[in-house]
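Participant: Just one file: data_1.cif, with mmCIF, C-alpha atoms.
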```cif
data_model
#
loop_
_atom_site.label_atom_id
_atom_site.label_comp_id
_atom_site.auth_asym_id
_atom_site.auth_seq_id
_atom_site.Cartn_x
_atom_site.Cartn_y
_atom_site.Cartn_z
CA MET H 85 0.00 0.00 0.00
CA ALA H 86 1.45 3.36 -0.98
CA GLU H 87 2.04 5.70 1.92
CA GLN H 88 0.61 9.17 1.71
CA PRO H 89 3.05 12.02 2.30
CA GLY H 90 3.09 13.13 5.92
CA GLN H 91 1.37 9.96 7.11
CA ASN H 92 4.19 8.91 9.41
CA THR H 93 4.43 12.27 11.16
CA GLU H 94 0.96 11.93 12.64
CA PHE H 95 0.99 8.16 13.19
CA SER H 96 4.50 7.16 14.14
CA THR H 97 3.26 3.74 15.27
CA VAL H 98 1.55 1.45 12.76
CA LEU H 99 0.20 -2.02 13.42
CA GLY H 100 -0.07 -3.53 9.95
CA PRO H 101 -3.02 -5.47 8.50
CA ASP H 102 -1.36 -8.87 9.02
CA ALA H 103 -0.33 -8.11 12.62
CA ARG H 104 -2.03 -9.44 15.74
CA PHE H 105 -1.17 -7.86 19.12
CA LYS H 106 -2.21 -8.99 22.60
CA GLY H 107 -1.21 -6.92 25.61
CA GLU H 108 -0.77 -3.41 26.90
CA LEU H 109 0.52 -0.61 24.71
CA SER H 110 1.42 2.98 25.48
CA PHE H 111 2.97 5.59 23.19
CA GLU H 112 3.27 9.34 22.86
CA LYS H 113 2.24 10.50 19.39
CA GLY H 114 -0.18 8.50 17.32
CA MET H 115 -1.02 5.01 16.18
CA ARG H 116 -2.69 3.63 13.10
CA LEU H 117 -4.24 0.23 13.75
CA GLN H 118 -4.79 -1.89 10.66
CA GLY H 119 -4.60 -5.35 12.22
CA HIS H 120 -6.00 -7.01 15.35
CA PHE H 121 -5.40 -5.61 18.81
CA GLU H 122 -6.49 -7.09 22.12
CA GLY H 123 -5.69 -5.58 25.52
CA LYS H 124 -5.21 -2.02 26.66
CA ILE H 125 -4.02 1.21 25.01
CA ASN H 126 -2.89 4.30 26.91
CA THR H 127 -1.73 7.39 25.05
CA PRO H 128 -2.08 11.19 25.07
CA GLY H 129 -1.98 11.06 21.25
CA ARG H 130 -4.31 9.86 18.48
CA VAL H 131 -5.48 6.37 17.68
CA HIS H 132 -6.84 5.59 14.21
CA VAL H 133 -8.68 2.29 13.83
CA THR H 134 -8.88 1.66 10.09
CA ARG H 135 -11.74 -0.04 8.27
CA GLU H 136 -10.16 -3.50 8.22
CA ALA H 137 -8.91 -3.35 11.84
CA LYS H 138 -10.36 -5.10 14.90
CA LEU H 139 -9.82 -3.62 18.33
CA GLN H 140 -10.86 -5.37 21.53
CA ALA H 141 -9.50 -3.15 24.25
CA ASP H 142 -9.95 -0.48 26.87
CA VAL H 143 -8.51 2.68 25.36
CA GLU H 144 -7.53 5.96 27.00
CA ALA H 145 -6.35 8.40 24.36
CA GLY H 146 -6.23 12.03 23.35
CA ALA H 147 -8.34 11.42 20.26
CA LEU H 148 -9.80 8.39 18.51
CA VAL H 149 -10.98 7.82 14.96
CA VAL H 150 -12.90 4.59 14.41
CA GLU H 151 -13.56 3.15 10.97
CA GLY H 152 -13.40 -0.54 11.86
CA GLU H 153 -14.72 -2.83 14.57
CA VAL H 154 -14.20 -1.96 18.24
CA HIS H 155 -15.24 -3.76 21.43
CA GLY H 156 -14.34 -2.20 24.76
CA ASN H 157 -14.44 0.99 26.74
CA LEU H 158 -13.14 4.15 25.09
CA MET H 159 -12.13 7.38 26.75
CA ALA H 160 -10.79 10.39 24.89
CA ALA H 161 -9.66 13.66 26.43
CA ASP H 162 -10.51 15.49 23.22
CA ARG H 163 -12.74 13.68 20.72
CA ILE H 164 -13.97 10.39 19.35
CA GLU H 165 -15.00 10.12 15.71
CA LEU H 166 -17.16 7.21 14.56
CA LYS H 167 -17.02 7.06 10.78
CA GLN H 168 -19.67 5.57 8.49
CA SER H 169 -18.13 2.08 8.54
CA ALA H 170 -17.57 2.01 12.33
CA ARG H 171 -19.04 -0.77 14.46
CA TYR H 172 -18.62 -0.11 18.15
CA GLU H 173 -19.77 -1.87 21.29
CA GLY H 174 -18.83 -0.59 24.74
CA ASP H 175 -18.94 2.43 26.98
CA LEU H 176 -17.71 5.72 25.60
CA ARG H 177 -16.57 8.87 27.40
CA ALA H 178 -15.25 11.92 25.58
CA ALA H 179 -15.33 15.71 25.51
CA LYS H 180 -16.61 15.64 21.93
CA LEU H 181 -18.21 12.96 19.79
CA VAL H 182 -18.64 13.02 16.03
CA VAL H 183 -20.84 10.34 14.47
CA ASP H 184 -21.28 9.90 10.73
CA GLU H 185 -24.54 8.55 9.33
CA GLY H 186 -24.33 4.76 9.07
CA ALA H 187 -22.07 4.18 12.07
CA GLN H 188 -23.29 1.42 14.40
CA PHE H 189 -22.81 1.69 18.12
CA ASN H 190 -24.19 0.13 21.26
CA GLY H 191 -23.34 1.11 24.81
CA HIS H 192 -23.36 3.87 27.36
CA VAL H 193 -22.32 7.26 26.03
CA THR H 194 -21.14 10.20 28.13
CA VAL H 195 -20.14 13.16 25.99
CA GLY H 196 -19.53 16.77 26.93
CA PRO H 197 -16.95 18.99 28.57
CA GLU H 198 -17.94 17.59 31.99
CA ALA H 199 -17.51 13.98 30.86
CA VAL H 200 -13.72 13.94 31.02
CA LYS H 201 -13.23 16.42 33.87
CA GLY H 202 -11.25 14.92 36.72
CA GLY H 203 -8.86 13.15 34.33
CA ASN H 204 -8.49 9.42 34.04
CA ASN H 205 -9.44 8.52 37.59
CA ARG H 206 -12.93 7.54 36.48
CA PRO H 207 -13.34 4.18 34.84
CA PRO H 208 -15.16 4.53 31.51
CA GLY H 209 -17.54 1.70 32.36
CA VAL H 210 -19.09 3.50 35.32
CA PRO H 211 -21.59 6.11 34.15
CA GLY H 212 -21.59 9.26 36.21
CA ALA H 213 -19.06 7.91 38.70
CA ARG H 214 -17.47 10.64 40.78
CA PRO H 215 -14.28 10.70 42.79
CA ASN H 216 -14.87 9.59 46.36
CA VAL H 217 -15.15 12.89 48.20
CA THR H 218 -16.59 12.85 51.71
CA ALA H 219 -18.20 16.06 52.83
CA PRO H 220 -17.41 17.21 56.39
CA VAL H 221 -20.14 16.05 58.75
CA PRO H 222 -21.46 18.86 61.00
CA GLN H 223 -20.75 18.10 64.64
CA ALA H 224 -23.54 18.24 67.23
CA GLN H 225 -23.35 21.40 69.38
CA PRO H 226 -24.31 21.35 73.08
CA VAL H 227 -27.56 23.23 73.78
CA LYS H 228 -26.93 26.36 75.84
CA MET Z 89 -73.32 4.16 -19.09
CA ALA Z 90 -69.70 3.87 -18.07
CA VAL Z 91 -68.30 6.76 -16.05
CA ASP Z 92 -64.61 7.52 -16.26
CA LEU Z 93 -63.41 7.94 -12.70
CA PRO Z 94 -60.09 9.69 -12.24
CA SER Z 95 -57.39 7.16 -11.42
CA PRO Z 96 -55.86 7.65 -7.96
CA ASN Z 97 -52.77 9.78 -8.20
CA PRO Z 98 -49.83 7.97 -6.56
CA LEU Z 99 -48.52 11.37 -5.43
CA ASP Z 100 -51.56 11.68 -3.14
CA ARG Z 101 -50.51 8.60 -1.17
CA GLN Z 102 -47.58 7.87 1.08
CA THR Z 103 -46.35 4.73 2.77
CA ILE Z 104 -45.86 4.92 6.52
CA VAL Z 105 -44.70 2.36 9.05
CA CYS Z 106 -46.71 1.89 12.23
CA LEU Z 107 -44.79 2.95 15.34
CA TYR Z 108 -46.19 0.05 17.33
CA CYS Z 109 -46.46 -2.97 15.00
CA ASN Z 110 -43.86 -1.89 12.40
CA LYS Z 111 -46.20 -2.76 9.52
CA PRO Z 112 -46.12 -0.55 6.43
CA GLN Z 113 -49.36 0.84 5.04
CA GLU Z 114 -50.45 3.37 2.46
CA VAL Z 115 -52.22 6.50 3.65
CA GLY Z 116 -53.32 9.78 2.15
CA ARG Z 117 -50.57 12.37 1.99
CA LYS Z 118 -52.77 14.98 3.67
CA ALA Z 119 -53.93 12.71 6.52
CA MET Z 120 -52.96 13.99 9.95
CA THR Z 121 -54.08 11.05 12.06
CA ILE Z 122 -54.99 7.48 11.16
CA THR Z 123 -55.77 4.20 12.87
CA CYS Z 124 -53.34 1.42 12.05
CA ARG Z 125 -55.18 -1.16 10.01
CA PHE Z 126 -53.17 -3.97 11.62
CA CYS Z 127 -52.89 -3.11 15.35
CA HIS Z 128 -55.77 -0.56 15.43
CA LYS Z 129 -53.73 1.99 17.39
CA ALA Z 130 -54.11 5.69 16.71
CA LEU Z 131 -51.19 7.23 14.86
CA ARG Z 132 -50.31 10.90 14.45
CA LEU Z 133 -48.67 11.64 11.11
CA GLU Z 134 -47.83 15.32 11.60
CA ASP Z 135 -44.36 16.70 12.01
CA THR Z 136 -43.91 18.42 15.36
CA ARG Z 137 -41.82 21.49 16.07
CA ILE Z 138 -40.93 22.36 19.67
CA LYS Z 139 -39.73 25.91 20.27
CA THR Z 140 -40.21 26.34 24.02
CA TYR Z 141 -40.06 24.29 27.20
CA GLU Z 142 -42.46 21.35 27.12
CA ALA Z 143 -42.99 18.65 29.72
CA ARG Z 144 -45.12 15.76 28.47
CA ARG Z 145 -45.78 12.15 29.40
CA SER Z 146 -44.99 11.02 25.87
CA ILE Z 147 -44.64 12.38 22.35
CA GLU Z 148 -45.63 9.97 19.60
CA THR Z 149 -45.75 10.72 15.90
CA VAL Z 150 -44.88 8.98 12.66
CA GLY Z 151 -43.53 12.32 11.45
CA VAL Z 152 -40.35 14.17 12.31
CA ILE Z 153 -39.94 15.95 15.65
CA THR Z 154 -37.77 19.06 15.59
CA VAL Z 155 -36.57 20.53 18.87
CA GLU Z 156 -35.44 24.05 18.07
CA LYS Z 157 -32.53 25.91 19.68
CA LYS Z 158 -34.69 27.40 22.43
CA GLY Z 159 -36.79 24.25 22.77
CA SER Z 160 -36.47 21.96 25.75
CA VAL Z 161 -38.40 18.72 26.11
CA VAL Z 162 -38.78 16.68 29.29
CA THR Z 163 -40.69 13.48 28.66
CA ASP Z 164 -40.87 9.80 29.54
CA THR Z 165 -40.79 8.61 25.93
CA ILE Z 166 -40.41 10.04 22.45
CA LEU Z 167 -41.55 7.67 19.72
CA CYS Z 168 -41.07 9.20 16.30
CA GLY Z 169 -40.32 8.75 12.62
CA GLY Z 170 -37.28 11.03 12.84
CA LEU Z 171 -35.74 13.53 15.19
CA ILE Z 172 -33.79 16.77 14.80
CA VAL Z 173 -32.27 18.11 18.02
CA ARG Z 174 -31.04 21.69 18.17
CA GLY Z 175 -32.13 22.23 21.80
CA LYS Z 176 -32.43 19.95 24.83
CA VAL Z 177 -34.18 16.60 25.16
CA LYS Z 178 -34.52 14.64 28.37
CA GLY Z 179 -36.18 11.23 28.10
CA LYS Z 180 -36.12 7.91 26.34
CA ILE Z 181 -36.05 8.19 22.54
CA ILE Z 182 -37.08 5.55 20.03
CA SER Z 183 -36.81 6.83 16.48
CA ARG Z 184 -37.69 4.90 13.32
CA GLY Z 185 -35.57 7.27 11.26
CA THR Z 186 -32.23 9.03 11.54
CA ILE Z 187 -31.57 11.35 14.48
CA PHE Z 188 -29.81 14.56 13.48
CA MET Z 189 -28.14 16.69 16.13
CA SER Z 190 -26.69 20.16 15.91
CA PRO Z 191 -23.54 21.21 17.81
CA GLU Z 192 -25.61 22.92 20.51
CA GLY Z 193 -28.00 19.95 20.93
CA GLU Z 194 -28.25 17.94 24.14
CA ILE Z 195 -29.83 14.54 24.79
CA VAL Z 196 -30.06 12.97 28.23
CA GLY Z 197 -31.69 9.55 28.08
CA ASP Z 198 -31.56 6.23 26.31
CA VAL Z 199 -31.68 6.34 22.51
CA THR Z 200 -32.61 3.72 19.92
CA ALA Z 201 -32.41 4.60 16.22
CA PRO Z 202 -31.29 3.09 12.90
CA SER Z 203 -28.69 5.83 12.45
CA MET Z 204 -27.54 9.04 14.03
CA VAL Z 205 -25.54 12.08 12.99
CA VAL Z 206 -23.65 13.93 15.72
CA PRO Z 207 -21.40 16.95 15.15
CA ALA Z 208 -18.68 18.02 17.58
CA GLY Z 209 -20.06 19.98 20.51
CA ALA Z 210 -23.28 18.05 21.11
CA ILE Z 211 -23.85 16.75 24.64
CA LEU Z 212 -24.99 13.16 25.10
CA ASN Z 213 -25.62 11.01 28.13
CA GLY Z 214 -27.39 7.66 28.12
CA HIS Z 215 -27.46 4.20 26.64
CA TYR Z 216 -27.33 4.21 22.84
CA GLU Z 217 -28.38 1.53 20.38
CA ILE Z 218 -27.67 2.93 16.94
CA GLY Z 219 -27.94 0.79 13.81
CA VAL Z 220 -28.11 -2.38 15.88
CA LYS Z 221 -30.35 -4.93 14.16
CA ASP Z 222 -32.53 -7.21 16.31
#
```
Could you render the structure from this file as structure tokens?

Facilitator:
Amino acid sequence: MAEQPGQNTEFSTVLGPDARFKGELSFEKGMRLQGHFEGKINTPGRVHVTREAKLQADVEAGALVVEGEVHGNLMAADRIELKQSARYEGDLRAAKLVVDEGAQFNGHVTVGPEAVKGGNNRPPGVPGARPNVTAPVPQAQPVK
Amino acid sequence: MAVDLPSPNPLDRQTIVCLYCNKPQEVGRKAMTITCRFCHKALRLEDTRIKTYEARRSIETVGVITVEKKGSVVTDTILCGGLIVRGKVKGKIISRGTIFMSPEGEIVGDVTAPSMVVPAGAILNGHYEIGVKD
């Protein structure tokens, strides 16, 4: 497949169409997934799941573009894009979501600026979960 | 003596799908309400436009519901032929057609639809079943 100019600058990591990866992966810039991935992805950069790719993972990323098949929980600090050919099943949490007509998805969706506030300490599978903050309990005062 | 009756103009008819039994049937294009000839339930065919705050038990129409920018709907269920959200919707949505959102749209509630278009900026919260075939 001919590479487009500038392709490698955005996606310095590429998992080819004949590759199969099982495990945990973290990287800085971006990744283009063309093969099969199973496990966990953690990155501040972009993840692009191409049309022929299959992803079965919990992903925490800066941005995600889905054109293929994804199972698992996704969390993006910036945005998630589900293209026309996307098939997605899982819980999704992102500041912005873009869905093209024809995309299939099933799962709990939390999208908005509030959705990713508080960083990554919220698991994407728990809708509306908040950090455990205990309010100070007012003490009983003796009656004068 | 034979009388020439005008043949029914196909443009005067439209095919709709019942919201409850999913059966298609032909109805007059100008009809506003009908009774489903299969499940005998009453069906509204009109498009609905919501421009202000509205709290209702349910909104059911075979037509398209448009919630305008200043519109806000709080309801148990919306059952519709299509939905355009430019304002706020709170409640369960079952749409037989595509749901279109605008960047300032907000939906809080579970959504079932054959397809959905969401631009960046829209706020969503709920369980979504989009394009999932039974």

Participant: Would you translate the PyMOL selection byres ((chain H) within 6 of (chain Z)) into the concrete set of residues it matches in this file, as a ChimeraX atom specification?

Facilitator: /H:180-186,188-196

Participant: Restricting the calculation to all atoms listed in the file: of H:Ala224, H:Leu148, H:Ala178, H:Ala187, which residue gets closest to Thr127 in chain H?

Facilitator: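 Among the listed residues, the smallest separation from Thr127 in chain H belongs to H:Leu148.
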
Participant: Would you work out the distance separating CA of Arg116 in chain H from CA of Leu176 in chain H, expressed in Å to one decimal?

Facilitator: 19.7 Å

Participant: Interatomic distance between CA of Leu139 in chain H and CA of Phe121 in chain H?

Facilitator: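 Rounded to one decimal, the two atoms are 4.9 Å apart.
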
Participant: Which residue, H:Asn126, H:Asp142, H:Gln225, H:Val133, has the smallest gap to Arg171 in chain H when you use only C-alpha atoms?

Facilitator: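 So, comparing all the options, the nearest one is H:Val133.
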
Participant: Near Ser110 in chain H, counting all atoms listed in the file, which residues have an atom at most 12 Å away, once you skip same-chain residues fewer than 4 positions from it, shown as a list in words?

Facilitator: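 Neighbouring residues, sequence-local ones excluded: Thr97, Gly114, Met115, Gly123, Lys124, Ile125, Asn126, Thr127, Pro128, Gly129, Arg130, Val131, Asp142, Val143, Glu144 and Ala145 of chain H.
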
Participant: Please produce a file of the residues just selected, as a short mmCIF file (atom, residue, chain, number, x, y, z; two decimals), in the coordinates of the input, where the atoms kept are C-alpha atoms.

Facilitator:
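Writing the result to selection37.cif gives the following:
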```cif
data_model
loop_
_atom_site.label_atom_id
_atom_site.label_comp_id
_atom_site.auth_asym_id
_atom_site.auth_seq_id
_atom_site.Cartn_x
_atom_site.Cartn_y
_atom_site.Cartn_z
CA THR H 97 3.26 3.74 15.27
CA GLY H 114 -0.18 8.50 17.32
CA MET H 115 -1.02 5.01 16.18
CA GLY H 123 -5.69 -5.58 25.52
CA LYS H 124 -5.21 -2.02 26.66
CA ILE H 125 -4.02 1.21 25.01
CA ASN H 126 -2.89 4.30 26.91
CA THR H 127 -1.73 7.39 25.05
CA PRO H 128 -2.08 11.19 25.07
CA GLY H 129 -1.98 11.06 21.25
CA ARG H 130 -4.31 9.86 18.48
CA VAL H 131 -5.48 6.37 17.68
CA ASP H 142 -9.95 -0.48 26.87
CA VAL H 143 -8.51 2.68 25.36
CA GLU H 144 -7.53 5.96 27.00
CA ALA H 145 -6.35 8.40 24.36
#
```

Participant: Between CA of Lys118 in chain Z and CA of Glu156 in chain Z, what is the distance in Å, rounded to a tenth?

Facilitator: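 Computing it gives 24.3 Å between the two atoms.
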
Participant: Choose the residue, out of Z:Cys168, Z:Thr149, Z:Ser183, Z:Arg137, that has the smallest atom-to-atom separation from Ile122 in chain Z; count all atoms listed in the file.

Facilitator: Z:Thr149

Participant: Expand the PyMOL selection byres ((chain H and resi 149) around 7) into the explicit residue set it covers here, and present it as a list in words.

Facilitator: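 This file, filtered by the PyMOL selection byres ((chain H and resi 149) around 7), leaves Val131, His132, Val133, Ala147, Leu148, Val150, Glu151, Ile164, Glu165 and Leu166 of chain H.
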
Participant: If you apply the PyMOL selection byres ((chain Z and resi 125) around 12) to this file, what residues do you get, as an MDAnalysis selection string?

Facilitator: chainID Z and resid 104:106 108:115 122:124 126:131

Participant: Once you count all atoms listed in the file, which residues end up no further than 12 Å from (-49.6, 11.2, 1.3) in the file's frame, shown as a PyMOL selection string?

Facilitator: chain Z and resi 96-104+113-122+133-134+151

Participant: Regenerate range 169-202 of chain H at the level of N, CA and C atoms and dump it as a CSV table (one decimal), keeping the file's coordinate frame.

Facilitator:
```
chain,number,residue,atom,x,y,z
H,169,SER,N,-18.3,3.5,8.5
H,169,SER,CA,-18.1,2.1,8.5
H,169,SER,C,-17.9,1.6,10.0
H,170,ALA,N,-17.9,2.4,11.0
H,170,ALA,CA,-17.6,2.0,12.3
H,170,ALA,C,-18.6,1.1,12.9
H,171,ARG,N,-18.2,0.1,13.7
H,171,ARG,CA,-19.0,-0.8,14.5
H,171,ARG,C,-18.5,-0.8,15.9
H,172,TYR,N,-19.2,-0.3,16.8
H,172,TYR,CA,-18.6,-0.1,18.2
H,172,TYR,C,-19.6,-0.6,19.2
H,173,GLU,N,-19.0,-1.4,20.2
H,173,GLU,CA,-19.8,-1.9,21.3
H,173,GLU,C,-19.0,-1.6,22.6
H,174,GLY,N,-19.5,-0.9,23.5
H,174,GLY,CA,-18.8,-0.6,24.7
H,174,GLY,C,-19.3,0.8,25.3
H,175,ASP,N,-18.6,1.1,26.4
H,175,ASP,CA,-18.9,2.4,27.0
H,175,ASP,C,-18.0,3.5,26.5
H,176,LEU,N,-18.5,4.7,26.3
H,176,LEU,CA,-17.7,5.7,25.6
H,176,LEU,C,-17.8,7.0,26.5
H,177,ARG,N,-16.6,7.6,26.6
H,177,ARG,CA,-16.6,8.9,27.4
H,177,ARG,C,-15.6,9.8,26.7
H,178,ALA,N,-16.1,11.0,26.3
H,178,ALA,CA,-15.2,11.9,25.6
H,178,ALA,C,-15.8,13.3,25.7
H,179,ALA,N,-14.9,14.3,25.5
H,179,ALA,CA,-15.3,15.7,25.5
H,179,ALA,C,-16.2,16.0,24.3
H,180,LYS,N,-15.8,15.4,23.2
H,180,LYS,CA,-16.6,15.6,21.9
H,180,LYS,C,-16.8,14.3,21.2
H,181,LEU,N,-17.9,14.2,20.6
H,181,LEU,CA,-18.2,13.0,19.8
H,181,LEU,C,-18.7,13.4,18.4
H,182,VAL,N,-18.2,12.8,17.4
H,182,VAL,CA,-18.6,13.0,16.0
H,182,VAL,C,-19.1,11.7,15.5
H,183,VAL,N,-20.3,11.6,15.0
H,183,VAL,CA,-20.8,10.3,14.5
H,183,VAL,C,-21.3,10.6,13.1
H,184,ASP,N,-20.8,9.8,12.1
H,184,ASP,CA,-21.3,9.9,10.7
H,184,ASP,C,-22.5,9.0,10.5
H,185,GLU,N,-23.4,9.4,9.6
H,185,GLU,CA,-24.5,8.6,9.3
H,185,GLU,C,-24.1,7.2,8.8
H,186,GLY,N,-24.7,6.1,9.5
H,186,GLY,CA,-24.3,4.8,9.1
H,186,GLY,C,-23.5,4.0,10.1
H,187,ALA,N,-22.9,4.8,11.0
H,187,ALA,CA,-22.1,4.2,12.1
H,187,ALA,C,-23.0,3.4,13.0
H,188,GLN,N,-22.5,2.2,13.5
H,188,GLN,CA,-23.3,1.4,14.4
H,188,GLN,C,-22.6,1.5,15.8
H,189,PHE,N,-23.4,1.8,16.8
H,189,PHE,CA,-22.8,1.7,18.1
H,189,PHE,C,-23.8,1.3,19.2
H,190,ASN,N,-23.3,0.7,20.2
H,190,ASN,CA,-24.2,0.1,21.3
H,190,ASN,C,-23.4,0.3,22.6
H,191,GLY,N,-24.0,1.0,23.5
H,191,GLY,CA,-23.3,1.1,24.8
H,191,GLY,C,-23.7,2.4,25.5
H,192,HIS,N,-23.1,2.6,26.6
H,192,HIS,CA,-23.4,3.9,27.4
H,192,HIS,C,-22.5,5.0,26.8
H,193,VAL,N,-23.1,6.1,26.6
H,193,VAL,CA,-22.3,7.3,26.0
H,193,VAL,C,-22.4,8.4,27.0
H,194,THR,N,-21.2,9.0,27.3
H,194,THR,CA,-21.1,10.2,28.1
H,194,THR,C,-20.3,11.2,27.4
H,195,VAL,N,-20.9,12.2,26.8
H,195,VAL,CA,-20.1,13.2,26.0
H,195,VAL,C,-20.4,14.6,26.4
H,196,GLY,N,-19.4,15.4,26.5
H,196,GLY,CA,-19.5,16.8,26.9
H,196,GLY,C,-18.3,17.2,27.7
H,197,PRO,N,-18.1,18.5,27.9
H,197,PRO,CA,-17.0,19.0,28.6
H,197,PRO,C,-16.8,18.4,30.0
H,198,GLU,N,-18.0,18.1,30.6
H,198,GLU,CA,-17.9,17.6,32.0
H,198,GLU,C,-17.5,16.1,32.0
H,199,ALA,N,-17.7,15.4,30.9
H,199,ALA,CA,-17.5,14.0,30.9
H,199,ALA,C,-16.1,13.5,31.2
H,200,VAL,N,-15.1,14.3,30.8
H,200,VAL,CA,-13.7,13.9,31.0
H,200,VAL,C,-13.0,14.8,32.1
H,201,LYS,N,-13.8,15.6,32.8
H,201,LYS,CA,-13.2,16.4,33.9
H,201,LYS,C,-12.8,15.5,35.0
H,202,GLY,N,-11.7,15.8,35.6
H,202,GLY,CA,-11.2,14.9,36.7
H,202,GLY,C,-10.3,13.9,36.2
```
